[in-house]
Structure formats: C-alpha cells, structure tokens
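Worksheet: one structure, shown below.
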Amino acid sequence: MNMKWLEQWFEKIEPKGKMSWLGSTYEAFHTFAFTPKTVTRSGSHLRDAVDMKRSIIILVIALLPALLFGMWNIGYQTSTATGAGWGWFYCWWFGFVRMLPMIVVSYVVGLFIEFAFAQVRHHEVNEGFLATGLIIPMIVPVTTPLWQLALAVAFAVIIGKEVFGGSGMNFLNPALVARAFLFFSYPTHMSGDKVWIASGMWHNDAIAGATPMGELATGMNPSASALSMLLGNIPGSAGETSVVAIAIGAVLLLLTGIASWRIMLSVFIGGGAMGLLFNLIGYNEYMQLPFYYHFLMGGFAFGAVFMATDPVTAAQTNCGKWIYGLLIGAFAVLLRVCNPAYPEGMMLSILFMNCMAPLIDHLVVNSNIKMRAKRGKEAAK
Amino acid sequence: MKNTDLIKLPFSKNNPILVQVLGVCSCLAVTAQLKPAFVMAISVTVVVALANLIISLMRNTIPPRIRIIVQLVVVSTLVVLVDQVLKAYVYDVSKQLSVFVGLIITNCIVMGRLEAFAMVQKPWPSLLDGIGNGLGYSVILIVLGAVRELFGSGSLWGFPVMEKLGLYRIGYENNGLMIMPPMALILVGLIIWWHRSKNKELCEQ
C-alpha cells in the first residue's frame, strides 16, 4: 500500500503556531496511520518489547471471532424465540444492526473523553481504549439502553482510568468497571431472564429467555446441552457465549505472546479445582454440576482469555501470575455457587483480584528477596 | 487568626471533609437522601459547637492525662440530648439515621476540633470554630445528599422531581449505584478533585 500521499497530507495539516494546542490529537492520528519504528517508552508497555499499538490491534483481531459469532447468535436467539426461522445471514445481519450502535456509542464516548484528557494533560492518546471500547458492548446484554452504556463508558474511562493517570496507570480493568457500573446501577437491565434476547431490530424490548447461569441461580438445571454451551448458541452477552470462538482468539493471543499463558491456564485450573471441591461437598444441585460446566457457562472463558490477562491490571511476576489466576478462577466459581444475588462471579472476581495484584507482586518479590538473602548467608558460611 | 476566618476557612481551604479528611464515614452512610443528611448536618453542627464551647470553658481545669475521657463525657451528653430531640420531633428521620446519631460521638471532626482547638482557645473563638467546622461538614453532606437522592431515587426532599419532569416516560431510570455508599465515596473524591484544582496550594506533592 502506498502511504506517501497520506504522509504528505499529514505534513500539510500539521498544527503549528496558533493551532498547536491540537498537537495531541494530531499526534494520535499520525501515529495511528504510521506505526512507529520505535518502542513506546512509557506507561503499561514499558515492560514489553513491542509497541502498544500492535499488541492492542492483535487483541482487537482476537476479539473478532467472538464478536462475529455473537452477532449471529443475537439474531439466532431472536429468530428461535419468535419462531421466525431466519437464514444464517439474516441472523448475522440482525445482530450486526443491533450491535453496531452499541459499538459506535462506546467508541465515540470513550475516545472523546480520552482525547479530551490527553489534550488537557498534554500527553499522547493511548490506544488501550480501542480494545476496551470493543469489549464493553460484548459483555453487556444486547438490550442495554444506549444512554446507560454511554454513561457506563464515561464512568469507566474517567473513574476507572483517567483519575489514576490514564492507560497503564489504572489498577482496575476499565471494561469491567463499565460492566460493574451497569450491574449495580441498572440491575434490571443486566441480569435476570428478560434482557438477553432482543425482540426486534429497531425497538428495544426483550423476550424472556434465561441463560444457563440464570436457570441455575433459580434452582433449575440448565436446559442447554454442554455442546451448545461450547458452540455458543445460547442466550447471553454477545461476546461470552461461544467458547469455540473465544478459543480461536485465545490461540492468537498465546501465539503472539500478547496474553500470559500462565494467567489463562491458572484461571481454568483454579475454577476447575473449585468446581471439583464443590462436587465433593455436593450440598445442592449447583454444587453437583460437573466442573467443566463452569468453563462453558457465562463469562468464565471470555474473562479468563480477554480480561484476566490484561497486562496492566494483572500481577507482573511469574509466580504472582499463577496465584492471581488461580484465585480468579476459584473466586468466580465460589461466587456463582454460593451467592445467589450475583449469578455471574467472573466480573467481581477479576475486579477483586485486580485490587489484590499489587499486593501479590509485593509478597512474591519480598519472599524472593528473603530467599536469596538466606541462600547468600548459607553460601557465606 | 481573625474570628471571621474561623467561620470562613472551613468552607474553603480548611474544610473538614475535603482537606482534613475527617468525618468521611458518616458522610458516606447518611447521604442517600437529602432529609436525613440535612438533619445529620444540623446535629453534628450543634454537637461540635456546644462541645467546643463547653470544653473551652473547662479547659484550664481538665487534667491533661484524662482529657480524652472528659471530652468524651461532654460529647456523649450532647449526643444523647440531640438524639432525644430528634426522637421527639422528627421520629421518622431519627429511625432512618438509626445508629449514626449515636456515632456522632466517634465523629473525628468533633474530637479533632476539641483536641486541636477548644483545649487551647478561649470560649468565643471555640464556639465560632465549632460552628464553622460543623457548617463546612454540612455543606458537603447536603451536596452529597441532594446529588445522591436526585439521581438515585429521582426525588429531592421526597419530592419526585424526575417524575414531574416526565423523564421516566422517555426511558430515564434511577441509578442504583447512587444510593450505595461506594458512589458517595467516589462523589467525595470528585469534589476533592474539583476543590484541589481550584486551590492548587493544597495539592500534596
């Protein structure tokens, strides 16, 4: 692709003199078009050998299978619930039309705030929101009103990120902050059985249809089979239903080394171990549920692959990553089974461990220092 | 320090909540609605002012080693009085405030002003200092109470503002997070942010 014309055009409009206050905005678009040859030197990517822009773009690509499948599934669920019997492309088109406004609102609101803060504080615009802005519409029900989504995105970007200094300084995952805001602010739109299936393309009513986790929370066994939970043609948020689509994204993230395999693996080990422990107790039907069901239901897989591995908010040390991941999985299953008020435990468990990550790192580093000091003393003897 | 400053400073550069960061606990707990927040604000102001005055009058006779106990006796007497008055005249609000009226005893603003000011100052400035700090606390409480009730329950002092404006008909909904204490903490944080940006000299390095 010949980019020369674009480069010349950029040179022409470079803000100088009176217009130089627009510098950050110009810089953001300029570097977006021309991937820098250098490695960025500040913020979250300090520890990384690649530029943040590239890792975020790969993350966005990894999200696409889940997103595209989620769009089809939105249409499929409506088609099944209304008995319309649409073809696969019309199902996808229906979901696309439903999802597009959410994605646009999320990006416009979030990027506007990011640019405003970058401009006021005279720092460069970070690319982190390109992924966050796509994840947020994927983890909320499709019938979420757009103004509530906009409010949640604004809250997440300002309170979850910018007050701490922007991308790389936030200790909570901004996408989960947005979801938590919606969950506690407008609970009737975020859980229950009347939010997951859109009734039509242009109006925002919902058709009743419970997710497997919703059914379990009310004491029923899930009506969907393990296979359809794996494939993902069940009611749920757009991104979370299909474990297969998430797995494709996970492979890409692991091959490129963007996400930590330690965290991903340990979340599943932690969740599985907790599930097995509950199987041993076997007090009620939820506890007797086979442990692998926890991987297939709700946002467990999506959280483990795309949210727990967020390099900014996760633990940084290798040993810390294991502890961090194990506890996320264990707490998520614990919350699901033992707390009927919160049908899905993944969000709260990741947010909780986000808060604990610095403490874990501190303990790991300190115990390492102590161990080596002891070894040094023994060697000196 | 001039006497007028004793009233003025707690509103701006020496606000008990925004700058001294005292009394945050009660300001998270009682501000879900405007009415209890207002009653709480008045109660604390009365207790701080009178406790400051009484301790200041007694300050030369209090042995330093037992001064905290003496202060506590004075404060708890006043709190019991306030509690009885509330129960007599605004019983429903008193029910809503429940334990938090009694907990005025442990409100850091009260003890803080007694220790820092009333123990070493004359009665008149002490009374003014108590009133000033009480009102500085009240302002924040009332702002929080108004914002949280307006967006959390859609009303102000029980009057259904949002319903009268017809917002529910066009799809507006009350924000459940607003009536939870965490949001009060975030709101206090936002007020402190705004306040610090107006008073740069207060920023910690």
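Residue numbering restarts at 1 for every chain of the structure tokens, chains are lettered A, B, ... in their displayed order, and ligands are numbered from 1 as they appear.
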Residues of chain A within 7 Å of chain B, counting only C-alpha atoms, as an MDAnalysis selection string
chainID A and resid 184:186
Selected residues, N, CA and C atoms, written as a PDB file, in the first residue's frame, please.
ATOM      1  N   PHE A 184     -24.544  -2.577  38.944  1.00  0.00           N
ATOM      2  CA  PHE A 184     -25.052  -2.059  40.212  1.00  0.00           C
ATOM      3  C   PHE A 184     -26.027  -0.906  40.018  1.00  0.00           C
ATOM      4  N   SER A 185     -25.897  -0.181  38.887  1.00  0.00           N
ATOM      5  CA  SER A 185     -26.773   0.972  38.678  1.00  0.00           C
ATOM      6  C   SER A 185     -28.132   0.561  38.142  1.00  0.00           C
ATOM      7  N   TYR A 186     -28.112  -0.308  37.143  1.00  0.00           N
ATOM      8  CA  TYR A 186     -29.358  -0.681  36.486  1.00  0.00           C
ATOM      9  C   TYR A 186     -29.492  -2.198  36.477  1.00  0.00           C
TER      10      TYR A 186
END
Excluding Gly320 of chain A and residues on its chain fewer than 5 positions from it, collect all residues at most 12 Å away from it, counting only C-alpha atoms, and give them as an MDAnalysis selection string.
chainID A and resid 260 262:263 266 314:315 325:327 353:354 356:368
When you draw a straight line from atom CA of Pro212 of chain A to atom CA of Ala152 of chain A, how long is it in Å?
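Here the two named atoms are 25.7 Å from each other.
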Could you pull out the alpha helix (DSSP H) residues of segment 147-271 of chain A from DSSP and send them as a ChimeraX atom specification?
/A:147-160,174-185,187-190,212-217,226-231,243-256,261-271
Can you tell me, as a VMD selection string, what residues are no more than 9 Å from Pro141 of chain A when counting only C-alpha atoms, ignoring any on the same chain fewer than 5 positions away?
chain A and resid 189 to 191 195 to 197 236 to 238
For Leu100 of chain A, please output as a PDB file with all heavy atoms, in the first residue's frame all residues within 10 Å (counting only C-alpha atoms; exclusion window: fewer than 5 positions along the same chain).
ATOM      1  N   MET A  71     -22.750 -11.724  17.029  1.00  0.00           N
ATOM      2  CA  MET A  71     -23.747 -11.051  16.195  1.00  0.00           C
ATOM      3  C   MET A  71     -24.715 -12.068  15.601  1.00  0.00           C
ATOM      4  O   MET A  71     -25.930 -11.876  15.622  1.00  0.00           O
ATOM      5  CB  MET A  71     -23.049 -10.279  15.075  1.00  0.00           C
ATOM      6  CG  MET A  71     -22.382  -9.016  15.562  1.00  0.00           C
ATOM      7  SD  MET A  71     -21.430  -8.273  14.237  1.00  0.00           S
ATOM      8  CE  MET A  71     -20.937  -6.747  15.018  1.00  0.00           C
ATOM      9  N   GLY A  95     -28.071  -9.208  14.157  1.00  0.00           N
ATOM     10  CA  GLY A  95     -27.159  -8.951  15.266  1.00  0.00           C
ATOM     11  C   GLY A  95     -26.231  -7.790  14.989  1.00  0.00           C
ATOM     12  O   GLY A  95     -25.943  -6.979  15.864  1.00  0.00           O
ATOM     13  N   VAL A 105     -21.403   3.938  20.038  1.00  0.00           N
ATOM     14  CA  VAL A 105     -21.555   4.759  21.249  1.00  0.00           C
ATOM     15  C   VAL A 105     -20.355   4.565  22.170  1.00  0.00           C
ATOM     16  O   VAL A 105     -19.768   5.522  22.682  1.00  0.00           O
ATOM     17  CB  VAL A 105     -22.864   4.389  21.981  1.00  0.00           C
ATOM     18  CG1 VAL A 105     -22.858   4.912  23.408  1.00  0.00           C
ATOM     19  CG2 VAL A 105     -24.047   4.944  21.228  1.00  0.00           C
ATOM     20  N   SER A 106     -19.956   3.295  22.344  1.00  0.00           N
ATOM     21  CA  SER A 106     -18.841   3.008  23.237  1.00  0.00           C
ATOM     22  C   SER A 106     -17.560   3.709  22.773  1.00  0.00           C
ATOM     23  O   SER A 106     -16.862   4.349  23.556  1.00  0.00           O
ATOM     24  CB  SER A 106     -18.657   1.494  23.304  1.00  0.00           C
ATOM     25  OG  SER A 106     -17.444   1.169  23.883  1.00  0.00           O
ATOM     26  N   PRO A 137     -19.235  -3.405  24.688  1.00  0.00           N
ATOM     27  CA  PRO A 137     -20.508  -3.876  24.119  1.00  0.00           C
ATOM     28  C   PRO A 137     -20.624  -5.395  24.086  1.00  0.00           C
ATOM     29  O   PRO A 137     -21.733  -5.928  24.040  1.00  0.00           O
ATOM     30  CB  PRO A 137     -20.493  -3.329  22.684  1.00  0.00           C
ATOM     31  CG  PRO A 137     -19.472  -2.281  22.674  1.00  0.00           C
ATOM     32  CD  PRO A 137     -18.468  -2.626  23.708  1.00  0.00           C
TER      33      PRO A 137
END
Length of the atom CA of Pro125 of chain B to atom CA of Ile54 of chain B vector [Å]
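Between these atoms lies a distance of 12.1 Å.
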Within 12 Å of Val85 of chain B, counting only C-alpha atoms, which residues show up once you throw out same-chain ones fewer than 5 positions away? Write them as a list in words, please.
Val39, Ile42, Ser43, Val46, Leu78, Val79, Val80, Val90, Tyr91, Val93, Ser94 and Val101 of chain B
Nearby residues (only C-alpha atoms) at most 10 Å from Ala29 of chain B, same-chain spacing under 6 positions excluded, as a list in words
Ala37, Leu97, Phe100, Ile179, Met180, Pro181, Pro182, Ala184 and Leu185 of chain B
Nearest to Ala32 of chain B by atom-to-atom distance, counting only C-alpha atoms, from B:Gln96, B:Thr106, B:Ser138, B:Ser126:
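Smallest separation from Ala32 of chain B among the options: B:Gln96.
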Interatomic distance, atom CA of Ser197 of chain B to atom CA of Glu124 of chain A (Å, one decimal)
21.7 Å
Extract, using only C-alpha atoms, all DNA, RNA and protein residues at most 10 Å from Ser98 of chain B, discarding same-chain residues fewer than 5 positions from it, and format them as a compact mmCIF listing (two decimals) with N, CA, C and O atoms, in the first residue's frame.
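Output file around-v9.txt is given in full below:
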# COMPACT_ATOMS: atom_id res chain seq x y z
N VAL B 30 -25.00 8.43 55.62
CA VAL B 30 -26.32 9.04 55.82
C VAL B 30 -26.77 9.91 54.66
O VAL B 30 -27.77 10.59 54.76
N ASP B 83 -30.09 13.25 70.31
CA ASP B 83 -30.85 12.05 69.96
C ASP B 83 -32.27 12.15 70.48
O ASP B 83 -33.24 11.85 69.77
N ASP B 92 -39.32 9.90 62.28
CA ASP B 92 -39.04 9.05 61.11
C ASP B 92 -37.58 9.19 60.67
O ASP B 92 -36.92 8.22 60.32
N VAL B 93 -37.09 10.43 60.68
CA VAL B 93 -35.69 10.64 60.29
C VAL B 93 -34.77 10.00 61.31
O VAL B 93 -33.75 9.38 60.96
N LEU B 103 -23.36 7.55 66.79
CA LEU B 103 -21.96 7.52 66.35
C LEU B 103 -21.36 8.90 66.13
O LEU B 103 -20.19 9.01 65.78
Could you tell me which of A:Phe129, A:Tyr286, A:Tyr107, A:Tyr324 comes closest to Ile56 of chain A if we count only C-alpha atoms?
A:Phe129
